[in-house]
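The structure file query_35.txt is reproduced below (compact mmCIF, C-alpha atoms).
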```txt
# COMPACT_ATOMS: atom_id res chain seq x y z
CA MET A 4 62.79 109.12 32.21
CA ASN A 5 65.87 109.64 34.42
CA GLN A 6 68.13 106.56 34.47
CA ASN A 7 70.45 107.99 37.11
CA TYR A 8 69.72 106.35 40.51
CA ARG A 9 72.59 108.01 42.30
CA LYS A 10 71.57 110.04 45.32
CA GLN A 11 72.99 113.46 45.93
CA GLU A 12 74.76 113.32 49.32
CA SER A 13 75.36 116.52 51.25
CA LEU A 14 78.93 117.66 51.64
CA PHE A 15 78.73 117.31 55.47
CA LYS A 16 77.48 113.72 55.24
CA GLU A 17 80.30 112.79 52.86
CA PHE A 18 82.81 114.49 55.20
CA ARG A 19 81.36 112.67 58.22
CA GLN A 20 81.57 109.29 56.51
CA SER A 21 85.16 109.73 55.31
CA CYS A 22 88.13 108.54 57.38
CA LEU A 23 89.65 112.00 57.58
CA GLY A 24 86.33 113.48 58.66
CA ARG A 25 85.93 110.96 61.46
CA LEU A 26 89.47 111.67 62.67
CA ILE A 27 88.85 115.42 62.67
CA ILE A 28 85.54 115.03 64.54
CA ALA A 29 87.21 112.75 67.14
CA ALA A 30 90.07 115.25 67.54
CA CYS A 31 87.59 118.09 68.07
CA ILE A 32 85.71 116.12 70.74
CA LEU A 33 88.99 115.23 72.51
CA GLY A 34 90.09 118.87 72.29
CA VAL A 35 86.88 120.10 73.92
CA LEU A 36 87.19 117.46 76.68
CA SER A 37 90.83 118.47 77.24
CA VAL A 38 89.89 122.14 77.63
CA ILE A 39 87.12 121.23 80.09
CA ALA A 40 89.55 118.98 82.04
CA TRP A 41 92.15 121.77 82.12
CA LEU A 42 89.61 124.32 83.38
CA THR A 43 88.22 122.01 86.08
CA ASN A 44 91.52 120.53 87.30
CA PRO A 45 91.35 120.50 91.14
CA SER A 46 93.75 122.83 92.90
CA GLU A 47 96.19 121.80 95.62
CA GLN A 48 93.90 123.17 98.36
CA THR A 49 90.92 121.20 97.01
CA MET A 50 92.93 117.99 96.73
CA ASN A 51 94.32 118.38 100.29
CA LYS A 52 90.87 119.10 101.73
CA GLU A 53 89.21 116.16 99.95
CA MET A 54 92.02 113.68 100.71
CA ASN A 55 92.06 114.64 104.41
CA ASP A 56 88.29 114.11 104.45
CA ASN A 57 88.72 110.70 102.78
CA ILE A 58 91.42 109.74 105.28
CA ARG A 59 89.15 110.69 108.19
CA GLN A 60 86.43 108.52 106.62
CA TRP A 61 88.85 105.58 106.37
CA ILE A 62 89.82 106.02 110.02
CA GLN A 63 86.15 106.07 111.04
CA GLU A 64 85.24 103.17 108.72
CA ASN A 65 88.13 100.87 109.59
CA ASP A 66 86.87 97.66 111.19
CA SER A 67 90.19 95.76 111.24
CA LEU A 68 88.96 93.19 108.74
CA ASN A 69 90.94 92.25 105.68
CA THR A 70 88.78 93.18 102.74
CA ASP A 71 89.21 92.54 99.06
CA TRP A 72 89.72 95.19 96.40
CA ILE A 73 85.99 95.36 95.59
CA ASP A 74 85.19 96.56 99.13
CA ASP A 75 87.93 99.17 98.90
CA ALA A 76 86.63 100.35 95.50
CA VAL A 77 83.05 100.63 96.81
CA ASN A 78 84.25 102.56 99.88
CA ASN A 79 86.35 104.92 97.74
CA THR A 80 83.44 105.50 95.36
CA GLY A 81 81.16 106.28 98.29
CA PHE A 82 83.73 108.65 99.77
CA ILE A 83 83.47 110.83 96.62
CA PHE A 84 79.88 111.76 97.46
CA THR A 85 80.04 111.85 101.27
CA SER A 86 82.00 113.69 103.90
CA ALA A 87 83.43 112.52 107.21
CA ASP A 88 81.69 112.97 110.52
CA SER A 89 83.48 114.88 113.21
CA ILE A 90 86.09 112.81 115.00
CA ASP A 91 84.77 112.41 118.52
CA THR A 92 86.37 109.37 120.10
CA PRO A 93 89.83 109.67 121.67
CA GLU A 94 90.98 106.62 119.69
CA GLN A 95 90.07 108.24 116.36
CA LYS A 96 91.74 111.51 117.41
CA HIS A 97 94.87 109.57 118.34
CA LEU A 98 94.84 107.73 114.98
CA LEU A 99 94.49 111.03 113.10
CA GLU A 100 97.40 112.53 115.06
CA GLN A 101 99.48 109.43 114.32
CA PHE A 102 98.61 109.71 110.63
CA ASP A 103 99.78 113.34 110.56
CA THR A 104 102.99 112.36 112.39
CA HIS A 105 104.06 109.42 110.22
CA ASN A 106 102.59 110.21 106.78
CA ARG A 107 102.98 113.00 104.26
CA LEU A 108 100.66 113.88 101.36
CA GLU A 109 102.12 115.48 98.26
CA TYR A 110 100.27 117.11 95.35
CA PHE A 111 101.25 116.78 91.67
CA ASP A 112 99.65 118.80 88.87
CA HIS A 113 99.58 117.12 85.44
CA THR A 114 97.77 119.95 83.56
CA LEU A 115 94.62 117.93 82.65
CA PHE A 116 94.42 116.07 85.96
CA SER A 117 96.14 116.06 89.33
CA THR A 118 97.29 113.33 91.70
CA MET A 119 98.03 113.05 95.39
CA TYR A 120 100.69 110.69 96.73
CA ILE A 121 101.17 109.40 100.27
CA TYR A 122 104.71 109.00 101.61
CA ASN A 123 105.70 107.06 104.74
CA SER A 124 108.21 104.39 105.81
CA PHE A 125 106.33 101.67 103.90
CA HIS A 126 105.87 103.73 100.75
CA ILE A 127 109.17 105.57 100.49
CA GLU A 128 108.72 106.06 96.76
CA GLY A 129 105.13 107.19 97.33
CA LYS A 130 101.82 105.57 96.53
CA ARG A 131 99.05 107.30 94.62
CA CYS A 132 96.12 107.88 96.95
CA GLY A 133 93.92 110.18 94.89
CA ILE A 134 93.22 111.41 91.37
CA GLY A 135 91.57 114.75 90.58
CA LEU A 136 89.78 114.94 87.24
CA PHE A 137 86.93 117.17 85.99
CA GLY A 138 86.65 118.82 89.41
CA ILE A 139 86.14 115.51 91.25
CA VAL A 140 88.68 113.97 93.63
CA ILE A 141 88.66 110.16 93.35
CA PRO A 142 90.37 108.41 96.28
CA THR A 143 92.40 105.28 95.50
CA VAL A 144 93.69 104.61 99.00
CA ASN A 145 92.88 102.03 101.64
CA PHE A 146 93.56 101.82 105.35
CA ASN A 147 96.57 99.52 104.89
CA ASP A 148 98.45 102.31 103.08
CA PHE A 149 98.61 104.41 106.27
CA LEU A 150 101.43 104.23 108.76
CA LEU A 151 99.90 104.87 112.17
CA ARG A 152 102.61 103.64 114.53
CA GLU A 153 106.28 102.77 114.35
CA GLY A 154 108.18 100.22 116.37
CA PRO A 155 110.31 97.11 116.06
CA MET A 156 109.07 94.34 113.78
CA ARG A 157 110.90 91.61 115.72
CA LYS A 158 112.07 91.22 119.30
CA ASP A 159 115.36 89.46 118.59
CA TYR A 160 117.10 88.20 115.51
CA ASN A 161 115.44 85.12 113.97
CA GLN A 162 112.22 85.63 115.94
CA PRO A 163 108.86 85.79 114.16
CA ALA A 164 107.30 89.17 113.41
CA ILE A 165 105.36 90.78 116.24
CA HIS A 166 101.60 90.68 115.65
CA ASN A 167 99.15 92.24 118.04
CA TYR A 168 96.40 89.68 117.52
CA GLY A 169 95.55 89.14 121.16
CA ASN A 170 96.87 86.66 123.70
CA GLU A 171 98.88 84.49 121.30
CA GLU A 172 102.40 83.68 122.43
CA TYR A 173 105.53 82.55 120.66
CA PHE A 174 105.82 78.78 121.18
CA GLY A 175 109.50 78.29 120.35
CA GLU A 176 111.17 76.55 117.42
CA ASN A 177 109.32 74.73 114.67
CA PRO A 178 108.44 71.17 115.75
CA ASP A 179 110.15 68.15 114.18
CA LEU A 180 107.64 66.57 111.83
CA GLY A 181 109.22 63.14 111.76
CA GLY A 182 112.26 63.63 109.59
CA VAL A 183 112.44 63.63 105.81
CA PHE A 184 109.31 62.69 103.91
CA ARG A 185 109.95 60.13 101.17
CA TYR A 186 107.42 59.63 98.40
CA ASN A 187 106.88 55.91 97.67
CA GLY A 188 104.56 56.25 94.67
CA GLU A 189 100.83 55.74 94.50
```

Using structure tokens, write down the structure from this file.
Amino acid sequence: MNQNYRKQESLFKEFRQSCLGRLIIAACILGVLSVIAWLTNPSEQTMNKEMNDNIRQWIQENDSLNTDWIDDAVNNTGFIFTSADSIDTPEQKHLLEQFDTHNRLEYFDHTLFSTMYIYNSFHIEGKRCGIGLFGIVIPTVNFNDFLLREGPMRKDYNQPAIHNYGNEEYFGENPDLGGVFRYNGE
């Protein structure tokens, strides 16, 4: 009778269960993914075309409401799979012309992926507005990143900022609220 209960493991199974084997397998998988990313890295023409389409979608979608980051992320995700309608209204045409006048898009190639940055007076150092990876252009921009008009922020020195909210007017200096407030305890 055989008293040896040891199982004979295959050489591949022992290699796969060793630490070195797991590192080599992980490195091979990362190497294959890197080659695929390098081969499918979007070109400058593709990034420009997709980002201009995404910007037209933002101009069409803008409803002048302050949204949170979740709404922006959902819009950007939807923009990956859709394309903009033709710009028909004069207001949208004017906004697109203003965008082209006051903003500049710049492409950067990082070998495995590419990025697109938007430059304007608010984002002098540039703000990333798109990432290209595995042949897909992922927008990371929102409507507030665009500069669509330029003008003075204040009328005179020490005046509040100009907001075009409607018929609100500047009511003068801050009112006196009754002098210094003194806390007398509970």

Compute the distance from (92.2, 101.3, 100.8) to each atom, counting all atoms listed in the file, keep the residues with any atom at most 8 Å away, and return them as a ChimeraX atom specification; use the coordinates of the file. /A:61,72,75-76,79,143-148

Taking C-alpha atoms for each residue, export the selection above as a PDB file, keeping the file's coordinate frame.
```
ATOM      1  CA  TRP A  61      88.850 105.580 106.370  1.00  0.00           C
ATOM      2  CA  TRP A  72      89.720  95.190  96.400  1.00  0.00           C
ATOM      3  CA  ASP A  75      87.930  99.170  98.900  1.00  0.00           C
ATOM      4  CA  ALA A  76      86.630 100.350  95.500  1.00  0.00           C
ATOM      5  CA  ASN A  79      86.350 104.920  97.740  1.00  0.00           C
ATOM      6  CA  THR A 143      92.400 105.280  95.500  1.00  0.00           C
ATOM      7  CA  VAL A 144      93.690 104.610  99.000  1.00  0.00           C
ATOM      8  CA  ASN A 145      92.880 102.030 101.640  1.00  0.00           C
ATOM      9  CA  PHE A 146      93.560 101.820 105.350  1.00  0.00           C
ATOM     10  CA  ASN A 147      96.570  99.520 104.890  1.00  0.00           C
ATOM     11  CA  ASP A 148      98.450 102.310 103.080  1.00  0.00           C
TER      12      ASP A 148
END
```

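Compared by their closest atoms to A:Thr118, and using all atoms listed in the file, the residues A:Ile28, A:Gln95, A:Met54, A:Arg59 rank with A:Met54 nearest.
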
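Taking atom CA of A:Ser117 and atom CA of A:Thr80 as endpoints, the distance between them is 17.6 Å.
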
Can you tell me, as a ChimeraX atom specification, what residues are no more than 9 Å from A:Leu115 when counting all atoms listed in the file, ignoring any on the same chain fewer than 3 positions away? /A:37-44,112,136-137

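When atom CA of A:Leu150 is paired with atom CA of A:Ser46, their separation reads 25.6 Å.
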
Please, can stretch 49-60 of chain A be completed to all heavy atoms and returned as a PDB file, keeping the file's coordinate frame?
```pdb
ATOM      1  N   THR A  49      92.065 122.104  97.151  1.00  0.00           N
ATOM      2  CA  THR A  49      90.920 121.200  97.010  1.00  0.00           C
ATOM      3  C   THR A  49      91.334 119.756  97.208  1.00  0.00           C
ATOM      4  O   THR A  49      90.656 118.991  97.912  1.00  0.00           O
ATOM      5  CB  THR A  49      90.273 121.378  95.614  1.00  0.00           C
ATOM      6  OG1 THR A  49      89.910 122.741  95.437  1.00  0.00           O
ATOM      7  CG2 THR A  49      89.058 120.491  95.459  1.00  0.00           C
ATOM      8  N   MET A  50      92.454 119.366  96.593  1.00  0.00           N
ATOM      9  CA  MET A  50      92.930 117.990  96.730  1.00  0.00           C
ATOM     10  C   MET A  50      93.279 117.679  98.192  1.00  0.00           C
ATOM     11  O   MET A  50      92.929 116.617  98.701  1.00  0.00           O
ATOM     12  CB  MET A  50      94.147 117.736  95.838  1.00  0.00           C
ATOM     13  CG  MET A  50      93.845 117.644  94.367  1.00  0.00           C
ATOM     14  SD  MET A  50      93.005 116.137  93.896  1.00  0.00           S
ATOM     15  CE  MET A  50      94.302 114.948  94.026  1.00  0.00           C
ATOM     16  N   ASN A  51      93.969 118.596  98.876  1.00  0.00           N
ATOM     17  CA  ASN A  51      94.320 118.380 100.290  1.00  0.00           C
ATOM     18  C   ASN A  51      93.069 118.252 101.149  1.00  0.00           C
ATOM     19  O   ASN A  51      92.985 117.363 102.001  1.00  0.00           O
ATOM     20  CB  ASN A  51      95.194 119.518 100.810  1.00  0.00           C
ATOM     21  CG  ASN A  51      96.650 119.301 100.508  1.00  0.00           C
ATOM     22  OD1 ASN A  51      97.128 118.177 100.486  1.00  0.00           O
ATOM     23  ND2 ASN A  51      97.362 120.386 100.264  1.00  0.00           N
ATOM     24  N   LYS A  52      92.105 119.137 100.935  1.00  0.00           N
ATOM     25  CA  LYS A  52      90.870 119.100 101.730  1.00  0.00           C
ATOM     26  C   LYS A  52      90.117 117.788 101.506  1.00  0.00           C
ATOM     27  O   LYS A  52      89.709 117.118 102.458  1.00  0.00           O
ATOM     28  CB  LYS A  52      89.996 120.287 101.366  1.00  0.00           C
ATOM     29  CG  LYS A  52      88.752 120.409 102.225  1.00  0.00           C
ATOM     30  CD  LYS A  52      87.922 121.585 101.794  1.00  0.00           C
ATOM     31  CE  LYS A  52      86.886 121.002 100.894  1.00  0.00           C
ATOM     32  NZ  LYS A  52      85.811 121.733 100.446  1.00  0.00           N
ATOM     33  N   GLU A  53      89.962 117.388 100.257  1.00  0.00           N
ATOM     34  CA  GLU A  53      89.210 116.160  99.950  1.00  0.00           C
ATOM     35  C   GLU A  53      89.948 114.906 100.430  1.00  0.00           C
ATOM     36  O   GLU A  53      89.329 113.974 100.938  1.00  0.00           O
ATOM     37  CB  GLU A  53      88.943 116.060  98.447  1.00  0.00           C
ATOM     38  CG  GLU A  53      87.940 117.063  97.948  1.00  0.00           C
ATOM     39  CD  GLU A  53      86.555 116.818  98.489  1.00  0.00           C
ATOM     40  OE1 GLU A  53      86.167 115.647  98.654  1.00  0.00           O
ATOM     41  OE2 GLU A  53      85.857 117.806  98.771  1.00  0.00           O
ATOM     42  N   MET A  54      91.270 114.868 100.272  1.00  0.00           N
ATOM     43  CA  MET A  54      92.020 113.680 100.710  1.00  0.00           C
ATOM     44  C   MET A  54      92.023 113.577 102.230  1.00  0.00           C
ATOM     45  O   MET A  54      91.922 112.470 102.769  1.00  0.00           O
ATOM     46  CB  MET A  54      93.441 113.686 100.158  1.00  0.00           C
ATOM     47  CG  MET A  54      93.525 113.391  98.678  1.00  0.00           C
ATOM     48  SD  MET A  54      92.622 111.920  98.155  1.00  0.00           S
ATOM     49  CE  MET A  54      93.340 110.657  99.147  1.00  0.00           C
ATOM     50  N   ASN A  55      92.136 114.692 102.941  1.00  0.00           N
ATOM     51  CA  ASN A  55      92.060 114.640 104.410  1.00  0.00           C
ATOM     52  C   ASN A  55      90.680 114.168 104.853  1.00  0.00           C
ATOM     53  O   ASN A  55      90.561 113.415 105.825  1.00  0.00           O
ATOM     54  CB  ASN A  55      92.409 115.986 105.017  1.00  0.00           C
ATOM     55  CG  ASN A  55      93.894 116.250 104.983  1.00  0.00           C
ATOM     56  OD1 ASN A  55      94.697 115.329 105.122  1.00  0.00           O
ATOM     57  ND2 ASN A  55      94.272 117.500 104.784  1.00  0.00           N
ATOM     58  N   ASP A  56      89.639 114.588 104.145  1.00  0.00           N
ATOM     59  CA  ASP A  56      88.290 114.110 104.450  1.00  0.00           C
ATOM     60  C   ASP A  56      88.186 112.603 104.187  1.00  0.00           C
ATOM     61  O   ASP A  56      87.620 111.864 104.997  1.00  0.00           O
ATOM     62  CB  ASP A  56      87.269 114.863 103.601  1.00  0.00           C
ATOM     63  CG  ASP A  56      85.861 114.421 103.884  1.00  0.00           C
ATOM     64  OD1 ASP A  56      85.415 114.556 105.036  1.00  0.00           O
ATOM     65  OD2 ASP A  56      85.207 113.915 102.948  1.00  0.00           O
ATOM     66  N   ASN A  57      88.751 112.137 103.085  1.00  0.00           N
ATOM     67  CA  ASN A  57      88.720 110.700 102.780  1.00  0.00           C
ATOM     68  C   ASN A  57      89.512 109.894 103.801  1.00  0.00           C
ATOM     69  O   ASN A  57      89.108 108.790 104.182  1.00  0.00           O
ATOM     70  CB  ASN A  57      89.267 110.447 101.372  1.00  0.00           C
ATOM     71  CG  ASN A  57      88.396 111.038 100.291  1.00  0.00           C
ATOM     72  OD1 ASN A  57      87.193 111.174 100.457  1.00  0.00           O
ATOM     73  ND2 ASN A  57      89.002 111.419  99.194  1.00  0.00           N
ATOM     74  N   ILE A  58      90.615 110.437 104.271  1.00  0.00           N
ATOM     75  CA  ILE A  58      91.420 109.740 105.280  1.00  0.00           C
ATOM     76  C   ILE A  58      90.662 109.656 106.599  1.00  0.00           C
ATOM     77  O   ILE A  58      90.654 108.611 107.256  1.00  0.00           O
ATOM     78  CB  ILE A  58      92.793 110.426 105.430  1.00  0.00           C
ATOM     79  CG1 ILE A  58      93.638 110.147 104.187  1.00  0.00           C
ATOM     80  CG2 ILE A  58      93.502 109.970 106.690  1.00  0.00           C
ATOM     81  CD1 ILE A  58      94.815 111.042 104.016  1.00  0.00           C
ATOM     82  N   ARG A  59      89.981 110.745 106.978  1.00  0.00           N
ATOM     83  CA  ARG A  59      89.150 110.690 108.190  1.00  0.00           C
ATOM     84  C   ARG A  59      88.037 109.653 108.048  1.00  0.00           C
ATOM     85  O   ARG A  59      87.720 108.938 109.001  1.00  0.00           O
ATOM     86  CB  ARG A  59      88.565 112.067 108.492  1.00  0.00           C
ATOM     87  CG  ARG A  59      89.545 113.009 109.132  1.00  0.00           C
ATOM     88  CD  ARG A  59      88.882 114.204 109.766  1.00  0.00           C
ATOM     89  NE  ARG A  59      87.865 114.853 108.977  1.00  0.00           N
ATOM     90  CZ  ARG A  59      88.088 115.810 108.063  1.00  0.00           C
ATOM     91  NH1 ARG A  59      89.318 116.217 107.836  1.00  0.00           N
ATOM     92  NH2 ARG A  59      87.107 116.352 107.392  1.00  0.00           N
ATOM     93  N   GLN A  60      87.466 109.532 106.846  1.00  0.00           N
ATOM     94  CA  GLN A  60      86.430 108.520 106.620  1.00  0.00           C
ATOM     95  C   GLN A  60      87.001 107.119 106.746  1.00  0.00           C
ATOM     96  O   GLN A  60      86.353 106.225 107.298  1.00  0.00           O
ATOM     97  CB  GLN A  60      85.771 108.712 105.256  1.00  0.00           C
ATOM     98  CG  GLN A  60      84.883 109.928 105.197  1.00  0.00           C
ATOM     99  CD  GLN A  60      84.152 110.035 103.897  1.00  0.00           C
ATOM    100  OE1 GLN A  60      83.457 109.117 103.497  1.00  0.00           O
ATOM    101  NE2 GLN A  60      84.317 111.173 103.223  1.00  0.00           N
TER     102      GLN A  60
END
```
